[in-house]
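The data block below is coords_0.cif; it holds mmCIF, C-alpha atoms.
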```cif
data_run
loop_
_atom_site.label_atom_id
_atom_site.label_comp_id
_atom_site.auth_asym_id
_atom_site.auth_seq_id
_atom_site.Cartn_x
_atom_site.Cartn_y
_atom_site.Cartn_z
CA MET A 139 -9.25 15.55 22.25
CA SER A 140 -6.89 13.16 23.99
CA PHE A 141 -3.31 14.06 24.94
CA HIS A 142 -0.50 11.59 25.44
CA ARG A 143 2.96 11.64 27.00
CA ILE A 144 5.44 9.87 24.76
CA SER A 145 9.16 9.23 24.73
CA LEU A 146 11.11 8.44 21.60
CA THR A 147 14.65 8.49 20.31
CA ILE A 148 15.49 11.04 17.65
CA ASN A 149 18.92 10.73 16.04
CA GLY A 150 20.10 8.83 19.11
CA GLU A 151 18.82 11.40 21.64
CA LEU A 152 16.00 10.49 23.99
CA GLU A 153 13.16 13.03 23.75
CA ARG A 154 9.96 13.32 25.76
CA ALA A 155 6.91 15.20 24.58
CA ASP A 156 3.26 15.77 25.37
CA VAL A 157 1.36 15.34 22.14
CA SER A 158 -2.24 15.79 21.11
CA ALA A 159 -3.89 12.87 19.31
CA ASN A 160 -4.02 14.77 16.02
CA MET A 161 -0.34 15.78 16.02
CA THR A 162 1.64 14.08 13.28
CA LEU A 163 5.25 12.97 13.60
CA LEU A 164 6.03 15.77 11.13
CA ASP A 165 4.33 18.37 13.39
CA LEU A 166 6.23 17.01 16.38
CA LEU A 167 9.58 17.15 14.60
CA ARG A 168 9.22 20.57 12.99
CA GLU A 169 7.10 22.53 15.42
CA THR A 170 7.68 21.06 18.87
CA LEU A 171 11.22 19.70 18.76
CA VAL A 172 12.47 22.02 15.96
CA TYR A 173 14.09 19.41 13.71
CA THR A 174 13.29 21.62 10.73
CA GLY A 175 15.46 19.67 8.27
CA THR A 176 12.39 17.52 7.60
CA LYS A 177 10.08 19.40 5.21
CA ASN A 178 6.34 19.58 4.68
CA GLY A 179 5.51 19.45 0.98
CA CYS A 180 2.04 18.02 0.45
CA SER A 181 0.75 16.70 3.79
CA ALA A 182 -0.69 13.75 1.88
CA GLY A 183 2.07 11.17 1.51
CA GLU A 184 2.78 11.96 -2.12
CA CYS A 185 5.86 14.21 -2.28
CA GLY A 186 8.19 12.50 0.20
CA ALA A 187 9.74 15.76 1.52
CA CYS A 188 8.80 14.66 5.05
CA THR A 189 10.45 11.22 4.79
CA VAL A 190 12.19 10.09 7.98
CA MET A 191 13.21 6.67 9.21
CA MET A 192 11.07 5.08 11.88
CA ASP A 193 12.65 1.99 13.43
CA GLY A 194 14.90 1.67 10.38
CA GLU A 195 12.22 1.99 7.69
CA PRO A 196 11.40 5.16 5.76
CA VAL A 197 7.92 6.61 6.36
CA ASN A 198 6.05 9.74 5.34
CA SER A 199 6.07 11.56 8.68
CA CYS A 200 2.99 13.57 7.62
CA LEU A 201 1.00 10.32 7.75
CA VAL A 202 2.23 9.00 11.09
CA LEU A 203 0.69 10.15 14.36
CA ALA A 204 3.16 11.39 16.96
CA VAL A 205 1.45 9.22 19.57
CA GLU A 206 2.22 6.14 17.47
CA CYS A 207 5.93 6.92 17.88
CA ASP A 208 6.05 6.20 21.60
CA GLY A 209 9.18 4.09 22.01
CA ALA A 210 10.23 4.45 18.37
CA GLU A 211 13.64 5.31 16.99
CA ILE A 212 13.49 8.15 14.49
CA LEU A 213 16.27 9.21 12.15
CA THR A 214 16.00 12.61 10.44
CA VAL A 215 18.37 14.30 8.01
CA GLU A 216 20.08 15.99 10.96
CA GLY A 217 21.18 12.56 12.20
CA LEU A 218 22.73 11.27 8.97
CA ALA A 219 26.20 12.70 9.60
CA LYS A 220 28.24 10.82 12.20
CA ASP A 221 31.11 12.38 14.21
CA SER A 222 31.11 15.49 12.01
CA LYS A 223 31.47 13.30 8.92
CA LEU A 224 28.76 13.44 6.28
CA ASP A 225 27.03 10.23 5.18
CA PRO A 226 28.32 9.01 1.78
CA ILE A 227 24.93 9.82 0.23
CA GLN A 228 25.28 13.43 1.43
CA GLU A 229 28.77 13.70 -0.04
CA ALA A 230 27.65 12.13 -3.29
CA ILE A 231 24.59 14.32 -3.81
CA MET A 232 26.68 17.47 -3.37
CA GLU A 233 29.36 16.15 -5.69
CA ALA A 234 26.85 15.15 -8.38
CA GLY A 235 24.97 18.44 -8.24
CA GLY A 236 21.83 16.67 -7.13
CA VAL A 237 20.63 19.65 -5.10
CA GLN A 238 19.07 22.78 -6.54
CA CYS A 239 16.45 24.46 -4.35
CA GLY A 240 17.07 21.74 -1.74
CA PHE A 241 13.50 21.38 -0.44
CA CYS A 242 13.20 17.73 -1.47
CA THR A 243 16.78 16.90 -0.47
CA PRO A 244 16.28 15.80 3.16
CA GLY A 245 13.59 13.32 2.13
CA ILE A 246 15.66 12.07 -0.77
CA LEU A 247 18.70 11.58 1.46
CA ILE A 248 16.68 9.50 3.93
CA ALA A 249 14.93 7.43 1.24
CA SER A 250 18.30 6.83 -0.48
CA ARG A 251 20.01 5.84 2.76
CA ALA A 252 17.15 3.39 3.43
CA LEU A 253 17.58 1.94 -0.07
CA LEU A 254 21.34 1.52 0.37
CA ASP A 255 20.80 -0.11 3.77
CA ARG A 256 18.58 -2.81 2.26
CA ASN A 257 20.32 -3.03 -1.10
CA PRO A 258 23.97 -1.83 -1.06
CA ASN A 259 24.34 -2.09 -4.83
CA PRO A 260 21.09 -0.98 -6.48
CA SER A 261 20.55 -0.83 -10.25
CA THR A 262 19.29 2.35 -11.91
CA SER A 263 15.77 0.97 -12.10
CA GLU A 264 15.88 -0.04 -8.43
CA ILE A 265 16.96 3.50 -7.52
CA ARG A 266 14.14 4.99 -9.60
CA ALA A 267 11.62 2.66 -7.98
CA ALA A 268 12.91 3.43 -4.48
CA LEU A 269 12.67 7.19 -5.06
CA VAL A 270 9.28 7.20 -6.75
CA GLY A 271 7.79 8.71 -3.61
CA ASN A 272 10.20 11.67 -3.59
CA LEU A 273 9.24 14.46 -5.96
CA CYS A 274 11.90 16.93 -7.14
CA ARG A 275 10.81 19.85 -9.32
CA CYS A 276 14.31 21.18 -10.08
CA THR A 277 16.90 18.58 -10.95
CA GLY A 278 15.13 16.25 -13.34
CA TYR A 279 16.34 13.40 -11.10
CA LEU A 280 19.31 12.31 -13.23
CA ARG A 281 21.94 13.75 -10.92
CA ILE A 282 20.14 12.39 -7.88
CA ILE A 283 20.24 8.91 -9.39
CA GLU A 284 23.93 9.35 -10.21
CA ALA A 285 24.53 10.40 -6.61
CA VAL A 286 22.90 7.24 -5.22
CA GLN A 287 25.01 5.12 -7.58
CA GLU A 288 28.12 6.97 -6.48
CA ALA A 289 27.23 6.62 -2.79
CA ALA A 290 26.92 2.86 -3.32
CA ARG A 291 30.55 2.85 -4.50
CA LEU A 292 31.84 4.97 -1.57
CA MET B 236 -7.51 28.15 2.70
CA ASN B 237 -4.63 26.77 4.70
CA ALA B 238 -2.32 24.87 2.38
CA TYR B 239 -1.38 22.56 5.24
CA PRO B 240 -4.52 21.83 7.21
CA LYS B 241 -3.92 19.96 10.45
CA LEU B 242 -5.73 16.75 11.17
CA PRO B 243 -9.07 17.49 12.84
CA GLU B 244 -9.36 16.75 16.55
CA PHE B 245 -10.06 13.21 17.76
CA ASP B 246 -9.29 10.86 20.64
CA TYR B 247 -6.62 8.21 20.10
CA ILE B 248 -7.47 4.83 21.60
CA LYS B 249 -5.02 1.93 21.82
CA PRO B 250 -6.86 -1.13 23.12
CA ASP B 251 -5.08 -4.07 24.77
CA SER B 252 -7.32 -6.82 23.41
CA TYR B 253 -9.61 -7.63 20.51
CA GLN B 254 -12.49 -7.77 22.97
CA GLU B 255 -11.82 -4.27 24.23
CA ALA B 256 -11.33 -2.88 20.71
CA SER B 257 -14.50 -4.50 19.42
CA GLN B 258 -16.60 -3.34 22.36
CA PHE B 259 -15.37 0.22 22.01
CA LEU B 260 -16.02 0.28 18.27
CA ALA B 261 -19.49 -1.21 18.71
CA SER B 262 -20.51 1.17 21.46
CA HIS B 263 -19.31 4.19 19.45
CA ALA B 264 -20.78 3.21 16.09
CA GLY B 265 -20.51 6.01 13.53
CA GLU B 266 -18.00 7.89 15.71
CA ALA B 267 -15.10 5.45 16.01
CA ARG B 268 -12.89 4.05 13.24
CA PRO B 269 -10.28 1.33 13.49
CA PHE B 270 -7.03 2.11 11.72
CA ILE B 271 -3.79 0.36 10.84
CA GLY B 272 -1.42 2.52 8.76
CA GLY B 273 -3.76 5.46 8.22
CA THR B 274 -2.37 6.13 4.75
CA ASP B 275 -5.84 6.61 3.29
CA LEU B 276 -7.71 7.59 6.43
CA PHE B 277 -5.45 10.49 7.45
CA VAL B 278 -5.66 12.01 3.96
CA GLN B 279 -9.47 11.75 4.04
CA MET B 280 -9.50 13.35 7.50
CA ARG B 281 -7.23 16.16 6.37
CA ASP B 282 -9.59 16.78 3.45
CA ARG B 283 -12.46 16.75 5.98
CA THR B 284 -14.28 14.03 4.03
CA CYS B 285 -14.12 11.85 7.13
CA LYS B 286 -14.29 13.12 10.74
CA PRO B 287 -14.15 10.28 13.25
CA LYS B 288 -14.38 11.25 16.91
CA TYR B 289 -12.24 8.29 17.96
CA LEU B 290 -9.42 6.51 16.15
CA VAL B 291 -8.77 3.00 17.42
CA ASP B 292 -5.22 1.83 16.72
CA ILE B 293 -5.51 -1.94 16.30
CA LYS B 294 -2.16 -2.80 14.71
CA GLY B 295 -0.49 -3.61 18.04
CA LEU B 296 -2.99 -6.36 18.90
CA GLU B 297 -1.68 -9.89 19.26
CA GLY B 298 -0.93 -11.71 16.02
CA MET B 299 -1.57 -8.69 13.79
CA ASP B 300 2.05 -8.54 12.60
CA LEU B 301 2.40 -12.21 11.58
CA ILE B 302 2.80 -13.82 8.17
CA THR B 303 2.30 -17.59 8.41
CA PHE B 304 2.60 -20.06 5.58
CA ASP B 305 1.76 -23.73 5.86
CA GLN B 306 2.07 -26.36 3.08
CA ALA B 307 -1.33 -27.75 4.03
CA ARG B 308 -3.37 -24.70 4.99
CA GLY B 309 -1.95 -21.91 2.90
CA LEU B 310 -1.07 -18.32 3.73
CA THR B 311 -2.31 -16.00 6.46
CA ILE B 312 -1.27 -12.34 6.54
CA GLY B 313 -2.03 -10.40 9.74
CA ALA B 314 -3.89 -7.14 9.29
CA GLY B 315 -0.97 -5.15 10.66
CA VAL B 316 1.62 -6.52 8.20
CA ASN B 317 2.82 -3.72 5.95
CA MET B 318 3.05 -4.10 2.17
CA ASN B 319 6.85 -4.00 2.04
CA ARG B 320 6.94 -7.13 4.19
CA VAL B 321 4.44 -8.83 1.87
CA ILE B 322 6.60 -7.92 -1.15
CA ALA B 323 9.79 -9.22 0.49
CA ASP B 324 8.37 -12.45 1.97
CA ALA B 325 9.97 -15.52 0.38
CA ASP B 326 6.87 -17.77 0.59
CA ILE B 327 4.65 -15.08 -0.91
CA ARG B 328 7.11 -14.39 -3.73
CA ASP B 329 7.37 -18.07 -4.39
CA ARG B 330 3.70 -19.11 -4.34
CA TYR B 331 1.57 -15.94 -4.36
CA ARG B 332 3.72 -13.81 -6.64
CA LEU B 333 0.70 -12.00 -8.03
CA LEU B 334 -0.02 -10.52 -4.60
CA ALA B 335 3.57 -9.28 -4.19
CA ASP B 336 3.47 -7.74 -7.69
CA ALA B 337 0.17 -5.97 -6.99
CA ALA B 338 1.46 -4.65 -3.67
CA GLU B 339 4.60 -3.37 -5.35
CA SER B 340 2.49 -1.17 -7.63
CA VAL B 341 1.08 0.74 -4.64
CA ALA B 342 2.35 4.31 -4.22
CA SER B 343 5.94 4.45 -2.91
CA TYR B 344 8.28 2.48 -0.67
CA GLN B 345 7.77 4.86 2.27
CA LEU B 346 3.99 4.71 1.92
CA ARG B 347 4.13 0.92 1.79
CA SER B 348 6.04 0.94 5.10
CA ARG B 349 2.67 1.85 6.61
CA ALA B 350 0.08 0.61 4.12
CA SER B 351 -1.33 -2.91 4.55
CA ILE B 352 -3.21 -5.42 2.43
CA VAL B 353 -6.09 -5.60 4.89
CA GLY B 354 -6.22 -1.80 5.05
CA ASN B 355 -6.37 -1.66 1.26
CA ILE B 356 -9.29 -4.10 1.35
CA CYS B 357 -11.23 -2.46 4.19
CA ASN B 358 -10.86 0.95 2.57
CA ALA B 359 -12.89 -0.66 -0.24
CA SER B 360 -11.81 1.71 -2.96
CA PRO B 361 -12.79 0.38 -6.39
CA ALA B 362 -9.21 1.31 -7.37
CA GLY B 363 -7.50 -0.73 -4.63
CA ASP B 364 -4.42 -2.24 -6.28
CA THR B 365 -4.14 -5.41 -4.21
CA ILE B 366 -7.85 -6.28 -4.11
CA GLY B 367 -7.95 -7.97 -7.53
CA ALA B 368 -5.14 -10.35 -6.56
CA CYS B 369 -6.79 -11.06 -3.19
CA LEU B 370 -10.12 -11.83 -4.91
CA LEU B 371 -8.61 -14.14 -7.52
CA LEU B 372 -6.50 -15.94 -4.91
CA ASP B 373 -9.78 -16.72 -3.04
CA GLY B 374 -8.93 -14.54 -0.03
CA VAL B 375 -11.05 -14.87 3.09
CA LEU B 376 -11.01 -12.31 5.90
CA ASN B 377 -10.80 -13.37 9.53
CA VAL B 378 -13.11 -11.04 11.44
CA PHE B 379 -13.41 -10.54 15.18
CA GLY B 380 -16.81 -9.10 15.98
CA GLU B 381 -19.23 -8.66 18.86
CA SER B 382 -20.61 -12.16 18.39
CA GLY B 383 -17.17 -13.79 18.15
CA GLU B 384 -14.92 -14.75 15.27
CA ARG B 385 -16.12 -15.39 11.73
CA GLN B 386 -14.84 -15.56 8.19
CA GLU B 387 -15.87 -13.23 5.38
CA PRO B 388 -15.09 -14.40 1.84
CA LEU B 389 -13.78 -11.48 -0.17
CA LYS B 390 -16.07 -12.39 -3.05
CA THR B 391 -19.14 -11.05 -1.23
CA PHE B 392 -17.38 -8.47 0.96
CA PHE B 393 -17.70 -5.32 -1.14
CA LEU B 394 -21.01 -3.46 -1.31
CA GLY B 395 -20.01 -0.13 -2.89
CA PRO B 396 -17.25 2.47 -2.84
CA GLY B 397 -15.99 2.48 0.77
CA LYS B 398 -18.81 0.10 1.78
CA THR B 399 -18.29 -3.44 3.00
CA ARG B 400 -20.07 -6.13 4.99
CA LEU B 401 -18.23 -5.05 8.15
CA GLN B 402 -20.51 -4.05 11.04
CA PRO B 403 -19.73 -1.69 13.93
CA GLY B 404 -17.46 -3.59 16.31
CA ASP B 405 -15.93 -5.73 13.56
CA ILE B 406 -12.15 -5.92 13.30
CA VAL B 407 -10.44 -7.71 10.45
CA THR B 408 -7.57 -9.56 12.08
CA ALA B 409 -6.01 -11.23 9.02
CA ILE B 410 -6.54 -12.35 5.45
CA HIS B 411 -6.20 -16.02 4.60
CA PHE B 412 -5.45 -17.61 1.22
CA PRO B 413 -5.77 -21.32 0.43
CA LEU B 414 -2.85 -23.02 -1.32
CA PRO B 415 -2.77 -21.85 -4.92
CA PRO B 416 -3.24 -24.41 -7.74
CA ASN B 417 -0.03 -25.94 -9.10
CA ASN B 418 1.76 -23.97 -11.79
CA MET B 419 -0.46 -20.93 -11.36
CA LYS B 420 0.70 -17.81 -13.23
CA GLY B 421 -0.50 -14.25 -12.79
CA SER B 422 -0.28 -10.75 -14.17
CA TYR B 423 -1.24 -7.33 -12.81
CA ILE B 424 -1.38 -4.43 -15.25
CA LYS B 425 -2.03 -0.99 -13.87
CA LEU B 426 -2.74 1.97 -16.08
CA GLY B 427 -1.83 5.17 -14.23
CA ARG B 428 -1.12 8.72 -15.37
CA ASN B 429 2.54 7.97 -14.77
CA GLN B 430 4.50 4.75 -14.90
CA LEU B 431 4.97 4.36 -11.17
CA SER B 432 3.11 5.29 -8.01
CA ASP B 433 -0.20 6.71 -9.34
CA LEU B 434 -3.73 5.51 -8.61
CA ALA B 435 -5.14 3.17 -11.25
CA ILE B 436 -7.23 4.55 -14.12
CA VAL B 437 -7.78 0.90 -14.93
CA GLY B 438 -6.29 -2.10 -13.14
CA VAL B 439 -6.41 -5.60 -14.58
CA THR B 440 -5.46 -8.69 -12.58
CA ALA B 441 -5.37 -12.05 -14.35
CA LEU B 442 -4.33 -15.54 -13.36
CA GLY B 443 -4.43 -18.96 -14.95
CA TYR B 444 -3.50 -22.56 -14.19
CA PRO B 445 -3.72 -26.01 -15.77
CA GLU B 446 -7.16 -27.56 -15.13
CA SER B 447 -7.90 -30.92 -16.67
CA SER B 448 -11.67 -30.75 -16.11
CA VAL B 449 -12.23 -28.10 -18.80
CA GLU B 450 -11.97 -28.41 -22.56
CA SER B 451 -9.05 -26.00 -23.03
CA GLY B 452 -7.04 -27.58 -20.22
CA TYR B 453 -6.63 -24.25 -18.42
CA TRP B 454 -8.72 -22.19 -16.04
CA PHE B 455 -8.42 -18.40 -16.10
CA LYS B 456 -9.68 -15.67 -13.78
CA LEU B 457 -9.78 -11.93 -14.28
CA ALA B 458 -10.50 -8.99 -11.95
CA LEU B 459 -10.86 -5.30 -12.76
CA ALA B 460 -10.14 -2.20 -10.68
CA SER B 461 -11.43 1.37 -11.08
CA VAL B 462 -14.17 0.50 -13.57
CA ALA B 463 -17.18 -0.29 -11.36
CA PRO B 464 -18.47 0.74 -7.89
CA ILE B 465 -16.73 -2.32 -6.44
CA PRO B 466 -13.70 -4.39 -7.47
CA LEU B 467 -15.07 -6.64 -10.20
CA VAL B 468 -14.46 -10.31 -11.01
CA VAL B 469 -15.40 -11.17 -14.60
CA ASP B 470 -16.73 -14.73 -14.30
CA ARG B 471 -17.34 -15.04 -18.05
CA VAL B 472 -13.58 -15.01 -18.66
CA GLY B 473 -13.21 -18.44 -17.04
CA GLU B 474 -16.06 -19.89 -19.11
CA ILE B 475 -14.77 -18.47 -22.41
CA MET B 476 -11.14 -19.47 -21.85
CA GLY B 477 -12.13 -22.91 -20.58
CA HIS B 478 -14.39 -23.79 -23.48
CA ASP B 479 -12.18 -24.17 -26.56
CA PRO B 480 -8.42 -24.59 -26.99
CA ILE B 481 -6.75 -21.27 -26.12
CA SER B 482 -6.39 -19.14 -29.24
CA GLU B 483 -6.16 -15.54 -30.37
CA ALA B 484 -9.94 -15.62 -30.79
CA SER B 485 -10.63 -16.82 -27.24
CA LEU B 486 -8.24 -14.22 -25.78
CA GLN B 487 -10.07 -11.50 -27.70
CA GLN B 488 -13.48 -12.85 -26.79
CA ALA B 489 -12.55 -12.91 -23.09
CA ALA B 490 -11.18 -9.35 -23.29
CA GLY B 491 -14.44 -8.28 -24.95
CA ALA B 492 -16.41 -9.89 -22.13
CA ALA B 493 -14.37 -7.91 -19.60
CA MET B 494 -15.17 -4.70 -21.47
CA ASP B 495 -18.89 -5.55 -21.59
CA THR B 496 -19.00 -6.38 -17.87
CA CYS B 497 -17.44 -3.19 -16.48
CA THR B 498 -19.41 -0.01 -15.75
CA PRO B 499 -16.86 2.80 -15.39
CA ILE B 500 -17.63 6.47 -14.78
CA ASP B 501 -15.97 9.68 -15.98
CA ASP B 502 -13.65 11.17 -13.38
CA VAL B 503 -10.50 13.24 -13.03
CA ARG B 504 -8.28 10.29 -13.97
CA GLY B 505 -10.06 9.25 -17.17
CA SER B 506 -13.33 9.09 -19.09
CA ALA B 507 -15.69 6.14 -18.98
CA ARG B 508 -15.24 5.53 -22.71
CA TYR B 509 -11.45 5.49 -22.44
CA ARG B 510 -11.63 3.13 -19.50
CA LYS B 511 -13.88 0.68 -21.36
CA ILE B 512 -11.48 0.52 -24.30
CA MET B 513 -8.48 0.15 -22.01
CA VAL B 514 -10.22 -2.64 -20.09
CA ARG B 515 -10.49 -4.57 -23.34
CA ASN B 516 -6.90 -3.85 -24.41
CA LEU B 517 -5.30 -4.50 -21.02
CA SER B 518 -7.41 -7.59 -20.30
CA TYR B 519 -6.18 -9.00 -23.59
CA LYS B 520 -2.61 -8.11 -22.66
CA ALA B 521 -2.86 -9.58 -19.14
CA LEU B 522 -4.48 -12.83 -20.31
CA LYS B 523 -1.94 -13.17 -23.09
CA ASP B 524 0.86 -12.58 -20.61
CA VAL B 525 -0.50 -15.33 -18.32
CA TRP B 526 -1.00 -17.65 -21.27
CA GLY B 527 2.58 -16.98 -22.38
CA GLN B 528 3.89 -17.88 -18.91
CA LEU B 529 1.77 -21.06 -18.84
CA SER B 530 2.99 -22.10 -22.30
CA GLU B 531 6.61 -21.77 -21.18
CA ASP B 532 6.15 -24.42 -18.51
#
```
Take the structure in the file and give it back as structure tokens.
Amino acid sequence: MSFHRISLTINGELERADVSANMTLLDLLRETLVYTGTKNGCSAGECGACTVMMDGEPVNSCLVLAVECDGAEILTVEGLAKDSKLDPIQEAIMEAGGVQCGFCTPGILIASRALLDRNPNPSTSEIRAALVGNLCRCTGYLRIIEAVQEAARL
Amino acid sequence: MNAYPKLPEFDYIKPDSYQEASQFLASHAGEARPFIGGTDLFVQMRDRTCKPKYLVDIKGLEGMDLITFDQARGLTIGAGVNMNRVIADADIRDRYRLLADAAESVASYQLRSRASIVGNICNASPAGDTIGACLLLDGVLNVFGESGERQEPLKTFFLGPGKTRLQPGDIVTAIHFPLPPNNMKGSYIKLGRNQLSDLAIVGVTALGYPESSVESGYWFKLALASVAPIPLVVDRVGEIMGHDPISEASLQQAAGAAMDTCTPIDDVRGSARYRKIMVRNLSYKALKDVWGQLSED
């Protein structure tokens, strides 16, 4: 198997790593660099718990090879807060009660932030469509959708 | 069994040119696979249904990330262009809306950041959501192979589930669409187990446009997903809808022809019998939707 030396930016910090060809971005984040905020739910691109931003667009990190991230900018849930201040979507999801067990939350925060970046004032149906790739087994989604609407107002 | 199996071992190859990529793929036939987003391939590899020894990452090759539209020649979408870009592109939304709509029905936003139209086609799943639109819009693949560049019409591209006319060493560089007919309207209806994001149990793509050379004054086309070993175009629909003035009877006759043409199987998503009936019902609905849009003009 081939091995590759890569460098990438994670939450603004330059990181270097030696990665095997079959290592995913999710493996690299969780197991090598210990950004454990990003979760592994299904390993198949269906649940969205592993969602991170890659060069400004949300991706399922379980379906991206680490070696493909050479030179990329990655944003994980750990990088959402700026200068000790939570992102409005983080504030809003706490306020709305959009977190129960919390396993899906990091992915939902990233997917929601990506939505608000491309559409600062989304309708309910646009929020539902944007979060279709993020499964939550606790909340029933309503409070998550309320939180995204609230974050758009903040 | 490990709930989270790792990807099996392989070598990652990132070629600098089409020539290099093609030569590598040809000289490692059966062992090397080209990939773009990997959204299907990595899942198959994790399930151990596919174990390539080499993965050749072709999306960085020159021109792969381009969408070009020309009033005279039509639309060309590079193989590396992800589906979200296709959905957001102004020219595609304006003139090839059916393709944007079909792409929007694929999985989720984050999956579409990686998934591509050409990948969807080369994966050759009978359920591929965007394939029906690409077939009806007369898509042609630009292929770089060992013996140079050639074009592969989509119409004759599919041979079976996962099987295409591509040979070892072939790389699809882009898909090209001619200019669509004036006032063309389209409809994609996907029946999934949930409203959004699921694979199709049945997918129906329909389009229609004014055509003075036929009796009814309109030409219609219809394609079906998930109900045959390959994505299916129902040629009889055009003949039926072209013959007499469009009416309830011709819509129903065309939908019946779609049902008679398809050959679905029973699987985890639905039974063959259910699929046949839904092909008739959804073909009717899609054709009626297109007809409604055409009548508004």
Once the PyMOL selection byres ((chain A) within 10 of (chain B)) has been evaluated on this model, what residues remain selected, and can you format them as a PyMOL selection string? chain A and resi 139-142+158-162+165+178-186+189-192+195-203+205-206+249+252-253+266-272
So which residues get picked by the PyMOL selection byres ((chain A and resi 262) around 12) here, written as an mmCIF file with C-alpha atoms, keeping the file's coordinate frame?
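Ended up saving to out.cif:
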```
data_model
loop_
_atom_site.group_PDB
_atom_site.id
_atom_site.type_symbol
_atom_site.label_atom_id
_atom_site.label_comp_id
_atom_site.auth_asym_id
_atom_site.auth_seq_id
_atom_site.Cartn_x
_atom_site.Cartn_y
_atom_site.Cartn_z
ATOM 1 C CA LEU A 253 17.580 1.940 -0.070
ATOM 2 C CA ASN A 259 24.340 -2.090 -4.830
ATOM 3 C CA PRO A 260 21.090 -0.980 -6.480
ATOM 4 C CA SER A 261 20.550 -0.830 -10.250
ATOM 5 C CA SER A 263 15.770 0.970 -12.100
ATOM 6 C CA GLU A 264 15.880 -0.040 -8.430
ATOM 7 C CA ILE A 265 16.960 3.500 -7.520
ATOM 8 C CA ARG A 266 14.140 4.990 -9.600
ATOM 9 C CA ALA A 267 11.620 2.660 -7.980
ATOM 10 C CA ALA A 268 12.910 3.430 -4.480
ATOM 11 C CA LEU A 269 12.670 7.190 -5.060
ATOM 12 C CA TYR A 279 16.340 13.400 -11.100
ATOM 13 C CA LEU A 280 19.310 12.310 -13.230
ATOM 14 C CA ARG A 281 21.940 13.750 -10.920
ATOM 15 C CA ILE A 282 20.140 12.390 -7.880
ATOM 16 C CA ILE A 283 20.240 8.910 -9.390
ATOM 17 C CA GLU A 284 23.930 9.350 -10.210
ATOM 18 C CA ALA A 285 24.530 10.400 -6.610
ATOM 19 C CA VAL A 286 22.900 7.240 -5.220
ATOM 20 C CA GLN A 287 25.010 5.120 -7.580
ATOM 21 C CA GLU A 288 28.120 6.970 -6.480
ATOM 22 C CA ALA A 290 26.920 2.860 -3.320
#
```
Interatomic distance, atom CA of Gly209 of chain A to atom CA of Val378 of chain B (Å, one decimal):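 The value is 28.9 Å.
Among A:Arg275, A:Arg291, A:Arg143, A:Arg256, the residue with the shortest atom-to-atom distance to Ala323 of chain B, counting only C-alpha atoms, is A:Arg256.
Atom to atom, atom CA of Lys223 of chain A and atom CA of Cys239 of chain A stand 22.9 Å apart.
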Near-Asp300 of chain B list (6 Å; only C-alpha atoms; drop same-chain fewer than 3 positions) as an mmCIF file with C-alpha atoms, in the coordinates of the input:
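Result written to selection.cif:
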```cif
data_model
loop_
_atom_site.group_PDB
_atom_site.id
_atom_site.type_symbol
_atom_site.label_atom_id
_atom_site.label_comp_id
_atom_site.auth_asym_id
_atom_site.auth_seq_id
_atom_site.Cartn_x
_atom_site.Cartn_y
_atom_site.Cartn_z
ATOM 1 C CA GLY B 313 -2.030 -10.400 9.740
ATOM 2 C CA GLY B 315 -0.970 -5.150 10.660
ATOM 3 C CA VAL B 316 1.620 -6.520 8.200
#
```
May I have the residues at most 12 Å from (2.6, -16.3, -3.4) in the file's coordinates, counting only C-alpha atoms, as a CSV table (one decimal) with C-alpha atoms, in the coordinates of the input?
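The result, stored in point-v1.csv:
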```
chain,number,residue,atom,x,y,z
B,302,ILE,CA,2.8,-13.8,8.2
B,303,THR,CA,2.3,-17.6,8.4
B,304,PHE,CA,2.6,-20.1,5.6
B,305,ASP,CA,1.8,-23.7,5.9
B,306,GLN,CA,2.1,-26.4,3.1
B,309,GLY,CA,-2.0,-21.9,2.9
B,310,LEU,CA,-1.1,-18.3,3.7
B,311,THR,CA,-2.3,-16.0,6.5
B,312,ILE,CA,-1.3,-12.3,6.5
B,321,VAL,CA,4.4,-8.8,1.9
B,322,ILE,CA,6.6,-7.9,-1.2
B,323,ALA,CA,9.8,-9.2,0.5
B,324,ASP,CA,8.4,-12.4,2.0
B,325,ALA,CA,10.0,-15.5,0.4
B,326,ASP,CA,6.9,-17.8,0.6
B,327,ILE,CA,4.6,-15.1,-0.9
B,328,ARG,CA,7.1,-14.4,-3.7
B,329,ASP,CA,7.4,-18.1,-4.4
B,330,ARG,CA,3.7,-19.1,-4.3
B,331,TYR,CA,1.6,-15.9,-4.4
B,332,ARG,CA,3.7,-13.8,-6.6
B,333,LEU,CA,0.7,-12.0,-8.0
B,334,LEU,CA,0.0,-10.5,-4.6
B,335,ALA,CA,3.6,-9.3,-4.2
B,336,ASP,CA,3.5,-7.7,-7.7
B,337,ALA,CA,0.2,-6.0,-7.0
B,338,ALA,CA,1.5,-4.6,-3.7
B,368,ALA,CA,-5.1,-10.4,-6.6
B,369,CYS,CA,-6.8,-11.1,-3.2
B,372,LEU,CA,-6.5,-15.9,-4.9
B,411,HIS,CA,-6.2,-16.0,4.6
B,412,PHE,CA,-5.4,-17.6,1.2
B,413,PRO,CA,-5.8,-21.3,0.4
B,414,LEU,CA,-2.8,-23.0,-1.3
B,415,PRO,CA,-2.8,-21.8,-4.9
B,416,PRO,CA,-3.2,-24.4,-7.7
B,417,ASN,CA,0.0,-25.9,-9.1
B,418,ASN,CA,1.8,-24.0,-11.8
B,419,MET,CA,-0.5,-20.9,-11.4
B,420,LYS,CA,0.7,-17.8,-13.2
B,421,GLY,CA,-0.5,-14.2,-12.8
```
